[in-house]
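First comes the structure, then the notes that go with it.
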Amino acid sequence: MAYLHNAWYVAALSTEVGGEALFNRKILGLSMLLYRRGDGTPVALRDRCPHRFVPLHMGKRVGDDVVCPYHGLRFDCTGKCVESPHGDGHIPRAAVVQAFPAVERHGFIWVWPGDASKADPADVPDYSLLDEGHANSKGWAYLHMKANYEILVDNVMDLSHVDHVHGPLLNTAGKLSPQIPKVIEDGKHVSVRWEWHQDPPMGFFSPFLPTPGAGAEHHVEVVWTAPGTMLLTVGAVQGSKDPADGLLSWDHHLMTPESEASTHYFFATRRNWLVEDAELNRMKLDGTVAAFSTEDKPIIEAAQEEMGTTDLWSLKPVLLSSDPAPVRARRVLSQLIETEGAQRRG
Amino acid sequence: MAYLHNAWYVAALSTEVGGEALFNRKILGLSMLLYRRGDGTPVALRDRCPHRFVPLHMGKRVGDDVVCPYHGLRFDCTGKCVESPHGDGHIPRAAVVQAFPAVERHGFIWVWPGDASKADPADVPDYSLLDEGHANSKGWAYLHMKANYEILVDNVMDLSHVDHVHGPLLNTAGKLSPQIPKVIEDGKHVSVRWEWHQDPPMGFFSPFLPTPGAGAEHHVEVVWTAPGTMLLTVGAVQGSKDPADGLLSWDHHLMTPESEASTHYFFATRRNWLVEDAELNRMKLDGTVAAFSTEDKPIIEAAQEEMGTTDLWSLKPVLLSSDPAPVRARRVLSQLIETEGAQRRG
Amino acid sequence: MAYLHNAWYVAALSTEVGGEALFNRKILGLSMLLYRRGDGTPVALRDRCPHRFVPLHMGKRVGDDVVCPYHGLRFDCTGKCVESPHGDGHIPRAAVVQAFPAVERHGFIWVWPGDASKADPADVPDYSLLDEGHANSKGWAYLHMKANYEILVDNVMDLSHVDHVHGPLLNTAGKLSPQIPKVIEDGKHVSVRWEWHQDPPMGFFSPFLPTPGAGAEHHVEVVWTAPGTMLLTVGAVQGSKDPADGLLSWDHHLMTPESEASTHYFFATRRNWLVEDAELNRMKLDGTVAAFSTEDKPIIEAAQEEMGTTDLWSLKPVLLSSDPAPVRARRVLSQLIETEGAQRRG
């Protein structure tokens, strides 16, 4: 299976990588060691010593360096071996651990698994909505999914499933499926938008609208950025044509492949109402994550198991009117992977 | 591994598929959805929606139809999509779930995984002994076996193992192994028969004979029908040459491959004595199933593990005088599979 | 993966194979049945009946023979079928179980998985130190490791890891890593030796030296014999140049591949001090085995998982000054395997 390597992927929530800890996670099939320098900036190294391939996260920190637990080789945070207790201390030229560009943005640690010379932090998707707003208006979460990341992108890019899959909190009362949503493709982005009237409104919004439980104008827009991150803006408004006058939730869905058939699902959300209410904040985050875990996850993992390792297209899926957005995202990604492969082969 | 596809296989006990339930089971490597129409007749569909491959058994019944839980496509019991909530409701021509011919006979639901145009319910093996007799003289059971179905057929076709494997209930006291059992091959059937005197009789019969515990004439006959169903008639009689004057048990062993190395083992039995005795009925069924589970199963599963995925013949098994019946059944099946493959290739 | 087949491998501790028991273990990917004749001498047979491939260890002993539990074939301890309860009792010529040369030496049962005509008990490595000495000065143990046997040989042949991996009992205080240990290769053997002063001494020795806790001269020597057995002699002495005047422990590390990625790790040890002290004996053995289990094992198994099934050399490991001994042992073994393969191919 081919991945897009020259891209920023979320490797961890900022909160997952503690001050002194050596954290490890497999992404794109590669074991990675993640930790923080003394100044807090993130480091991403291949999680294997080049001598005998022991995972370095089993070792220990010495300042900003990491020491392999097996034979004591010490590596700095660029992956260079800086100390060997062996013989006269000579350090073989090949004693280097692969280092990955890493930056921390918007509550996530992002890594670049490809050609480091092409890594530009400016290419991290702009999710700066998460940098603003009251702390009690925002939340982050992590889920592990036994499904391919493109299937999980499909799920968010085709929100018609919300009509069918989700319970009272997120349900859209059959309003999305009949629509042919507007899809815009723009280079590395694909966006899709639905608008509808719902009465009573989504459970998510209903109690917080000016007239709780009364009909409201809704919209949802998802913007996908290759390879697998999406910003979903969903809103409800009463007595106005302008969604900005209403309630808005900005939901970030960020997919990082662990392997062909498993994904690290990162999620972050912010709302624009009762922004100081910590209890509402927790309930909204927990409720949303519970919906993913108990409503989306079993269905998607069962589909993955049924598909096995077979590629979606080779199974000749029937396409519906809601499929253009996920299909376009798949095509853009496929093209990017092909181009990258061609460049690598020269 | 090649299966015979144009054949009736038991997919479930009748009692496993409840009135309104969506039941699923993998047979011949295919996930199948089994359910009943309102009139009780069975339906067998591929257990995957053709849109995004979610197992349909996770969905819900609407009348005789089934609705996919993911995007709400509704399929009738021929597998045809009859309703789409998407866009203008247009139903893509390819929105079809594979349907399998299914019939209910003799307490089992039978499906035909191959070319539907060739499926004739008249070809379901005639196990109508199970349709007659008092309810308390009959019983059905299901076991899952981590072994190839042909190995399990071998086990029933070569009953000399009963001398060695089974405890007091089923033991045949070494009477079968010395015999060269009579084998008759007839098109799609192979039958094998043993006759012997046993004193005391098989534990199974002993207490119910006219003179309990005294010697009796025994016989057992197994008739195999391709691909993997067997009717085993076993009897004991005292003071008569005619087995029909004695005790008889009709044991049906029906093997359906789940995968190359696992099998759905269906069993049904009927007896001709104390036919109204519910407690005896339960004890006889439970005792027999316990014997399969604790005596045959560990040995056969261990042999399967030792053989791995290697074909029996490529391991060059030593053949004994009791092997002609299972070997003939294997040859008939092998020929049928070859013929079917040749027909498919044209 | 290629193994050296014409070699003696430890299949079991002597104590693992009880008087009447049928013991089974997989070595070099082959299921083996191990048991003892009435006179106590060991028998090693392929653990599969040649008829239907049931593991023979599930059967029963009759004198020095073993009877298959499935159809009652009886095999003598050369693997020859000596009784069949089938038909007229005729024994097919092919009814033979593969037998492996087996000898018991030094507290282990050794088997020869290759060409039996080449098996010479004189080639069992001489670990007769284990045959002498007080019973309370010696001990044997078995561990299962999820790692390739060559990685485990590397671990013992490069003891510089002891500086880094081990806790107080075995720690060598950084004294080994700076040394370029002396390596001698001699046909099928590779030996490696380190000498150093340590103050305080190794925890292993410290309380038993003339001046407990005071500095002592240490040495350790490992002699590897192909394919994977090592005798490690480690000592500490105060006030003498001659290690023989001090404390000595003879540690035998014997690796038998179970599969490509798992190993049976046999261990035996003897010491030359307080040789009658049963409690010290148990504490020393338990402490050493605990060190392997909690200190070496997690690191080595994690490295194996990180390497997967990839060959060490294809991963281009960085080599350190302590690597010549394990590298030479790998080369000798690799050459022996190549020669054996060439001979087999003619």
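Labeling convention for the structure tokens: chains A, B, ... as they appear, residues from 1 per chain, ligands from 1 in order of appearance.
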If the cut-off is 10 Å, can you tell me the residues of chain C near chain B, counting only C-alpha atoms? I'd like them as an MDAnalysis selection string.
chainID C and resid 30:31 47:56 58:59 67:73 84:96
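Every protein, DNA or RNA residue with an atom at most 10 Å from B:Thr225, where only C-alpha atoms count and chain neighbours fewer than 4 positions away do not, is listed here: Val124, Pro125, Asp126, Asp186, Gly187, Lys188, His189, Val190, Ser191, Thr229, Met230, Leu231, Leu254, Ala329, Val332 and Leu333 of chain B.
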With DSSP run on the backbone, what are the strand (DSSP E or B) residues within stretch 80-182 of chain B? I'd like them as a VMD selection string.
chain B and resid 80 to 83 96 99 to 100 102 to 105 108 to 111 138 to 145 182
Written file, previous selection with C-alpha atoms, as a tab-separated table (two decimals), in the first residue's frame:
chain	number	residue	atom	x	y	z
B	80	LYS	CA	-32.63	-5.80	-5.27
B	81	CYS	CA	-32.30	-2.25	-3.95
B	82	VAL	CA	-35.87	-0.97	-3.67
B	83	GLU	CA	-35.34	2.36	-1.95
B	96	VAL	CA	-27.83	-5.30	-5.94
B	99	ALA	CA	-28.87	-13.52	-3.31
B	100	PHE	CA	-28.48	-17.23	-2.72
B	102	ALA	CA	-32.34	-20.95	0.21
B	103	VAL	CA	-34.75	-23.62	1.37
B	104	GLU	CA	-35.70	-24.99	4.74
B	105	ARG	CA	-35.72	-28.75	5.07
B	108	PHE	CA	-32.01	-26.89	8.59
B	109	ILE	CA	-31.71	-23.86	6.35
B	110	TRP	CA	-29.90	-24.88	3.18
B	111	VAL	CA	-28.24	-22.42	0.79
B	138	LYS	CA	-35.33	-36.04	17.83
B	139	GLY	CA	-32.72	-33.38	18.41
B	140	TRP	CA	-30.49	-30.93	16.56
B	141	ALA	CA	-27.13	-29.36	17.45
B	142	TYR	CA	-24.39	-27.12	16.08
B	143	LEU	CA	-20.64	-27.23	16.73
B	144	HIS	CA	-17.82	-25.10	15.37
B	145	MET	CA	-14.69	-27.02	14.43
B	182	LYS	CA	-18.37	-52.86	2.70
Of the candidates B:Ala11, B:Ala21, B:Ala342, B:Leu170, which shows the shortest atom-to-atom distance to B:Phe292, using only C-alpha atoms?
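Among the listed residues, the smallest separation from B:Phe292 belongs to B:Leu170.
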Polymer residues at most 8 Å from stretch 219-223 of chain B, only C-alpha atoms, same-chain spacing of 5 or more positions, as a PDB file with N, CA and C atoms, in the first residue's frame:
ATOM      1  N   VAL B 156     -16.199 -39.410   9.980  1.00  0.00           N
ATOM      2  CA  VAL B 156     -17.463 -40.146  10.046  1.00  0.00           C
ATOM      3  C   VAL B 156     -17.458 -41.320   9.069  1.00  0.00           C
ATOM      4  N   MET B 157     -16.761 -41.165   7.959  1.00  0.00           N
ATOM      5  CA  MET B 157     -16.736 -42.247   6.967  1.00  0.00           C
ATOM      6  C   MET B 157     -15.831 -43.398   7.401  1.00  0.00           C
ATOM      7  N   HIS B 189     -22.989 -40.596  -4.170  1.00  0.00           N
ATOM      8  CA  HIS B 189     -23.082 -41.165  -2.826  1.00  0.00           C
ATOM      9  C   HIS B 189     -21.996 -42.215  -2.607  1.00  0.00           C
ATOM     10  N   VAL B 190     -21.536 -42.279  -1.371  1.00  0.00           N
ATOM     11  CA  VAL B 190     -20.672 -43.389  -0.968  1.00  0.00           C
ATOM     12  C   VAL B 190     -21.255 -43.921   0.333  1.00  0.00           C
ATOM     13  N   SER B 191     -21.447 -45.239   0.395  1.00  0.00           N
ATOM     14  CA  SER B 191     -21.947 -45.796   1.658  1.00  0.00           C
ATOM     15  C   SER B 191     -20.968 -46.839   2.178  1.00  0.00           C
ATOM     16  N   VAL B 192     -20.970 -46.995   3.479  1.00  0.00           N
ATOM     17  CA  VAL B 192     -20.043 -47.928   4.138  1.00  0.00           C
ATOM     18  C   VAL B 192     -20.793 -48.570   5.300  1.00  0.00           C
ATOM     19  N   ARG B 193     -20.571 -49.878   5.504  1.00  0.00           N
ATOM     20  CA  ARG B 193     -21.361 -50.605   6.500  1.00  0.00           C
ATOM     21  C   ARG B 193     -20.500 -51.591   7.291  1.00  0.00           C
ATOM     22  N   TRP B 194     -20.721 -51.602   8.602  1.00  0.00           N
ATOM     23  CA  TRP B 194     -20.080 -52.563   9.497  1.00  0.00           C
ATOM     24  C   TRP B 194     -21.174 -53.333  10.256  1.00  0.00           C
ATOM     25  N   GLU B 195     -20.923 -54.612  10.537  1.00  0.00           N
ATOM     26  CA  GLU B 195     -21.835 -55.400  11.370  1.00  0.00           C
ATOM     27  C   GLU B 195     -20.996 -56.160  12.388  1.00  0.00           C
ATOM     28  N   TRP B 196     -21.490 -56.289  13.590  1.00  0.00           N
ATOM     29  CA  TRP B 196     -20.709 -56.994  14.618  1.00  0.00           C
ATOM     30  C   TRP B 196     -21.573 -57.377  15.821  1.00  0.00           C
ATOM     31  N   MET B 230     -23.827 -36.595   5.789  1.00  0.00           N
ATOM     32  CA  MET B 230     -23.839 -38.039   6.029  1.00  0.00           C
ATOM     33  C   MET B 230     -24.995 -38.430   6.928  1.00  0.00           C
ATOM     34  N   LEU B 231     -25.657 -39.521   6.557  1.00  0.00           N
ATOM     35  CA  LEU B 231     -26.664 -40.132   7.423  1.00  0.00           C
ATOM     36  C   LEU B 231     -26.074 -41.431   7.947  1.00  0.00           C
ATOM     37  N   LEU B 232     -25.926 -41.463   9.274  1.00  0.00           N
ATOM     38  CA  LEU B 232     -25.342 -42.618   9.951  1.00  0.00           C
ATOM     39  C   LEU B 232     -26.484 -43.337  10.674  1.00  0.00           C
ATOM     40  N   THR B 233     -26.730 -44.574  10.281  1.00  0.00           N
ATOM     41  CA  THR B 233     -27.754 -45.379  10.953  1.00  0.00           C
ATOM     42  C   THR B 233     -27.043 -46.412  11.802  1.00  0.00           C
ATOM     43  N   VAL B 234     -27.346 -46.409  13.080  1.00  0.00           N
ATOM     44  CA  VAL B 234     -26.670 -47.351  13.974  1.00  0.00           C
ATOM     45  C   VAL B 234     -27.735 -48.096  14.775  1.00  0.00           C
ATOM     46  N   GLY B 235     -27.549 -49.415  14.919  1.00  0.00           N
ATOM     47  CA  GLY B 235     -28.584 -50.173  15.594  1.00  0.00           C
ATOM     48  C   GLY B 235     -28.041 -51.346  16.382  1.00  0.00           C
ATOM     49  N   ALA B 236     -28.847 -51.817  17.318  1.00  0.00           N
ATOM     50  CA  ALA B 236     -28.512 -53.017  18.094  1.00  0.00           C
ATOM     51  C   ALA B 236     -29.794 -53.804  18.283  1.00  0.00           C
ATOM     52  N   PRO B 243     -32.290 -55.992  11.867  1.00  0.00           N
ATOM     53  CA  PRO B 243     -32.016 -54.780  12.651  1.00  0.00           C
ATOM     54  C   PRO B 243     -33.276 -53.965  12.925  1.00  0.00           C
TER      55      PRO B 243
END
Between atom CA of C:Pro210 and atom CA of C:Lys241, distance in Å (one decimal)
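Atom-to-atom, atom CA of C:Pro210 and atom CA of C:Lys241 are spaced 14.7 Å apart.
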Report the distance between atom CA of C:Ser240 and atom CA of C:Pro207 in Å, rounded to one decimal place.
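Between atom CA of C:Ser240 and atom CA of C:Pro207 the gap works out to 17.7 Å.
Look at C:Arg282: the protein and nucleic acid residues within 9 Å of it, using only C-alpha atoms and passing over chain neighbours fewer than 4 places away, are Asn136, Lys138, Gly139, Asp277, Ala278, Asp286 and Gly287 of chain C.
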DSSP on the backbone, then: every residue of stretch 2-177 of chain B marked helix (DSSP H, G or I), written as a PyMOL selection string.
chain B and resi 14-16+56-58+116-118+121-123+128-131+135-137+149-157+159-165
For B:Leu129, which residue out of B:Glu279, B:Asp76, B:Asp251, B:Asp65 is the nearest one, using only C-alpha atoms?
B:Asp251
Considering only C-alpha atoms, return as an NGL selection string whatever protein or nucleic-acid residues lie within 10 Å of A:Asn272, sequence-local ones (same chain, fewer than 5 positions apart) excluded.
:A and (133-134 or 137-138 or 235 or 244 or 246-250)
Suppose you want the space between atom CA of A:Tyr149 and atom CA of A:Arg271; what is it in Å?
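Between these atoms lies a distance of 25.9 Å.
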